[in-house]
Amino acid sequence: MFRKEKEVRAFNRCLFLILLSVLLFSAIYTFSLSKIFIALLMVTALFLISLLLPFRSDRNFIDEIPLTRIDERDTMFSRNELMPNTTRYRRYYEKNPDKIEPDELFRNEPGLLKKGSRYYHEQAFKEADENFNKIELLYGRVAGAGEGSPIEVDTKTITKSIKKYCLDLGALAVGITQSKDYHYYSHKGRREEYDNEIVPVYKYAIAFTVEMDAEMVAAAPQASIVLESSRQYLNAGTIAVELAEKIRSMGYEARAHIDGNYQVVCPLVARDAG
């Protein structure tokens, strides 16, 4: 398994321990009991030493830059919205026939927040569903042009101001990066904007995190993790929309990217924003 997954370090350690085991069993059949005891001590010592050995790895763990932009239509969330017997459904699976079997198996399951799901909890799932509905109400506020003429800003000062604004709204950490083409999906894959090509237009991207309740997360996969996720998706969406509106009030175009309404691949932006 380690070899198949190209986990060289784990494979080397596993191989080393297998060889030690072979030596141990050979000792059992070859030497007296006293010598076996000594062999066991040696094997134990070698095992402990092996855990400290710095097996060299030639793998490069530096984050990679995607060679092509990711298509949102290929994400699991987009594919889950495809409805059988529709033109969109037929066109997608004609182009991607390898995905239809696993997707149909997924669709046959009860689904998130639905009765019959393994960890269904009526009260928690109803609140989570309501939170996601509230997020959809924010969609009309995600994008817009700047209001009036852009005000002149000092880069260092405005960066500090934006970060403080996010933190004051409840963000845990904030980072800013220059926007890159690979940050953007190539095409929209959800709702009425499906198939629309995404054109990168923004010079900068702002990423922030919100904190989830540790006890709610620790209870995963129980319903509490779904409820807490929905709460923080709503929290993050509200912060993002308010930040975008603040930037627009200074005369600059801005767009918030919130649950179910993204144009960017958030983890890539977050990575580059530090």
# chains A, B, ... in the order shown; residues from 1 in each chain; ligands from 1
call {"tool": "residues_around", "arguments": {"residues": "Glu136 (chain A)", "least_positions_apart": "2", "cutoff": "12 Å", "atoms": "only C-alpha atoms", "output": "PyMOL selection string"}}
result
chain A and resi 129-134+138-142+191+233-234+237-238+241+257-261
call {"tool": "select_by_dssp", "arguments": {"residues": "region 17-247 of chain A", "states": "strand (DSSP E or B)", "output": "number ranges by chain"}}
result
A: 143-144, 173-178, 184, 187, 197, 204-209
call {"tool": "residues_around", "arguments": {"residues": "Ala214 (chain A)", "least_positions_apart": "3", "cutoff": "12 Å", "atoms": "only C-alpha atoms", "output": "mmCIF file with N, CA, C and O atoms, in the first residue's frame"}}
result
data_model
loop_
_atom_site.group_PDB
_atom_site.id
_atom_site.type_symbol
_atom_site.label_atom_id
_atom_site.label_comp_id
_atom_site.auth_asym_id
_atom_site.auth_seq_id
_atom_site.Cartn_x
_atom_site.Cartn_y
_atom_site.Cartn_z
ATOM 1 N N GLU A 211 -13.416 30.460 13.053
ATOM 2 C CA GLU A 211 -13.127 29.343 13.955
ATOM 3 C C GLU A 211 -14.372 28.532 14.241
ATOM 4 O O GLU A 211 -15.433 29.088 14.544
ATOM 5 N N VAL A 217 -16.903 20.009 16.529
ATOM 6 C CA VAL A 217 -16.095 19.327 15.525
ATOM 7 C C VAL A 217 -15.653 17.957 16.019
ATOM 8 O O VAL A 217 -15.666 16.972 15.275
ATOM 9 N N ALA A 218 -15.287 17.886 17.299
ATOM 10 C CA ALA A 218 -14.800 16.628 17.867
ATOM 11 C C ALA A 218 -15.866 15.539 17.856
ATOM 12 O O ALA A 218 -15.548 14.351 17.882
ATOM 13 N N ALA A 219 -17.132 15.937 17.801
ATOM 14 C CA ALA A 219 -18.226 14.964 17.803
ATOM 15 C C ALA A 219 -18.487 14.353 16.430
ATOM 16 O O ALA A 219 -19.352 13.494 16.290
ATOM 17 N N ALA A 220 -17.754 14.790 15.420
ATOM 18 C CA ALA A 220 -17.941 14.242 14.063
ATOM 19 C C ALA A 220 -17.764 12.724 14.080
ATOM 20 O O ALA A 220 -16.941 12.206 14.832
ATOM 21 N N SER A 224 -23.756 17.209 14.959
ATOM 22 C CA SER A 224 -23.235 18.496 15.422
ATOM 23 C C SER A 224 -22.216 19.091 14.456
ATOM 24 O O SER A 224 -22.121 20.318 14.331
ATOM 25 N N ILE A 225 -21.457 18.252 13.757
ATOM 26 C CA ILE A 225 -20.461 18.774 12.833
ATOM 27 C C ILE A 225 -21.129 19.450 11.638
ATOM 28 O O ILE A 225 -20.661 20.474 11.131
ATOM 29 N N GLU A 228 -22.536 22.842 13.003
ATOM 30 C CA GLU A 228 -21.475 23.831 13.191
ATOM 31 C C GLU A 228 -20.911 24.305 11.855
ATOM 32 O O GLU A 228 -20.594 25.494 11.684
ATOM 33 N N SER A 229 -20.791 23.400 10.901
ATOM 34 C CA SER A 229 -20.321 23.799 9.564
ATOM 35 C C SER A 229 -21.261 24.828 8.954
ATOM 36 O O SER A 229 -20.817 25.844 8.401
#
call {"tool": "select_by_dssp", "arguments": {"residues": "region 104-240 of chain A", "states": "helix (DSSP H, G or I)", "output": "VMD selection string"}}
result
chain A and resid 104 to 107 122 to 137 139 to 141 155 to 169 181 to 183 191 to 193 214 to 218 223 to 240
call {"tool": "closest_residue", "arguments": {"among": "A:Thr75, A:Val201, A:Ala128, A:Asn80", "to": "Glu109 (chain A)", "atoms": "only C-alpha atoms"}}
result
A:Asn80
call {"tool": "closest_residue", "arguments": {"among": "A:Arg231, A:His187, A:Arg255, A:Arg271", "to": "Arg69 (chain A)", "atoms": "only C-alpha atoms"}}
result
A:His187
call {"tool": "residues_around", "arguments": {"residues": "region 111-127 of chain A", "least_positions_apart": "3", "cutoff": "6 Å", "atoms": "only C-alpha atoms", "output": "compact mmCIF listing (two decimals) with N, CA and C atoms, in the first residue's frame"}}
result
# COMPACT_ATOMS: atom_id res chain seq x y z
N GLU A 130 -31.74 25.73 7.53
CA GLU A 130 -32.12 27.14 7.60
C GLU A 130 -30.91 28.04 7.42
N GLN A 222 -21.15 12.84 13.99
CA GLN A 222 -22.50 13.10 14.46
C GLN A 222 -23.02 14.41 13.88
N ALA A 223 -24.32 14.66 14.07
CA ALA A 223 -25.00 15.79 13.42
C ALA A 223 -24.41 17.14 13.80
N LEU A 227 -24.14 20.86 11.74
CA LEU A 227 -24.73 22.10 12.27
C LEU A 227 -23.67 23.18 12.42
call {"tool": "residues_around", "arguments": {"residues": "Glu197 (chain A)", "least_positions_apart": "6", "cutoff": "10 Å", "atoms": "only C-alpha atoms", "output": "VMD selection string"}}
result
chain A and resid 71 185 to 189 263
call {"tool": "write_last_selection", "arguments": {"atoms": "N, CA, C and O atoms", "output": "PDB file, in the first residue's frame"}}
result
ATOM      1  N   ASP A  71     -12.243  23.340 -13.396  1.00  0.00           N
ATOM      2  CA  ASP A  71     -13.604  23.562 -13.888  1.00  0.00           C
ATOM      3  C   ASP A  71     -14.583  23.225 -12.759  1.00  0.00           C
ATOM      4  O   ASP A  71     -14.627  22.090 -12.286  1.00  0.00           O
ATOM      5  N   TYR A 185     -11.948  29.442 -11.055  1.00  0.00           N
ATOM      6  CA  TYR A 185     -12.491  28.332 -11.843  1.00  0.00           C
ATOM      7  C   TYR A 185     -12.531  28.765 -13.311  1.00  0.00           C
ATOM      8  O   TYR A 185     -12.641  29.952 -13.617  1.00  0.00           O
ATOM      9  N   SER A 186     -12.477  27.803 -14.210  1.00  0.00           N
ATOM     10  CA  SER A 186     -12.569  28.147 -15.634  1.00  0.00           C
ATOM     11  C   SER A 186     -14.015  28.436 -16.028  1.00  0.00           C
ATOM     12  O   SER A 186     -14.288  29.311 -16.849  1.00  0.00           O
ATOM     13  N   HIS A 187     -14.965  27.684 -15.438  1.00  0.00           N
ATOM     14  CA  HIS A 187     -16.395  27.850 -15.745  1.00  0.00           C
ATOM     15  C   HIS A 187     -17.217  27.688 -14.470  1.00  0.00           C
ATOM     16  O   HIS A 187     -16.835  26.944 -13.565  1.00  0.00           O
ATOM     17  N   LYS A 188     -18.338  28.369 -14.449  1.00  0.00           N
ATOM     18  CA  LYS A 188     -19.274  28.184 -13.350  1.00  0.00           C
ATOM     19  C   LYS A 188     -19.956  26.822 -13.504  1.00  0.00           C
ATOM     20  O   LYS A 188     -20.258  26.388 -14.609  1.00  0.00           O
ATOM     21  N   GLY A 189     -20.235  26.203 -12.367  1.00  0.00           N
ATOM     22  CA  GLY A 189     -20.835  24.874 -12.429  1.00  0.00           C
ATOM     23  C   GLY A 189     -22.099  24.716 -11.619  1.00  0.00           C
ATOM     24  O   GLY A 189     -22.564  23.589 -11.406  1.00  0.00           O
ATOM     25  N   GLN A 263     -16.440  31.924  -7.487  1.00  0.00           N
ATOM     26  CA  GLN A 263     -15.741  31.996  -8.770  1.00  0.00           C
ATOM     27  C   GLN A 263     -14.288  31.577  -8.602  1.00  0.00           C
ATOM     28  O   GLN A 263     -13.588  31.400  -9.587  1.00  0.00           O
TER      29      GLN A 263
END
call {"tool": "residues_around", "arguments": {"residues": "Lys95 (chain A)", "least_positions_apart": "5", "cutoff": "12 Å", "atoms": "only C-alpha atoms", "output": "list in words"}}
result
Arg73, Asp74, Arg88, Tyr89, Arg90 and Ile100 of chain A
call {"tool": "write_last_selection", "arguments": {"atoms": "C-alpha atoms", "output": "PDB file, in the first residue's frame"}}
result
ATOM      1  CA  ARG A  73     -18.592  21.716 -13.288  1.00  0.00           C
ATOM      2  CA  ASP A  74     -16.355  18.784 -12.283  1.00  0.00           C
ATOM      3  CA  ARG A  88     -27.410  19.600 -18.736  1.00  0.00           C
ATOM      4  CA  TYR A  89     -27.231  16.082 -17.297  1.00  0.00           C
ATOM      5  CA  ARG A  90     -26.968  14.429 -20.700  1.00  0.00           C
ATOM      6  CA  ILE A 100     -21.846   8.652 -14.150  1.00  0.00           C
TER       7      ILE A 100
END
call {"tool": "closest_residue", "arguments": {"among": "A:Phe106, A:Tyr252, A:Tyr92, A:Tyr262", "to": "His183 (chain A)", "atoms": "only C-alpha atoms"}}
result
A:Tyr262
call {"tool": "closest_residue", "arguments": {"among": "A:Glu7, A:Asp272, A:Asp98, A:Glu253", "to": "Gly144 (chain A)", "atoms": "only C-alpha atoms"}}
result
A:Glu253
call {"tool": "closest_residue", "arguments": {"among": "A:Gly175, A:Pro84, A:Pro221, A:Pro97", "to": "Ala205 (chain A)", "atoms": "only C-alpha atoms"}}
result
A:Gly175
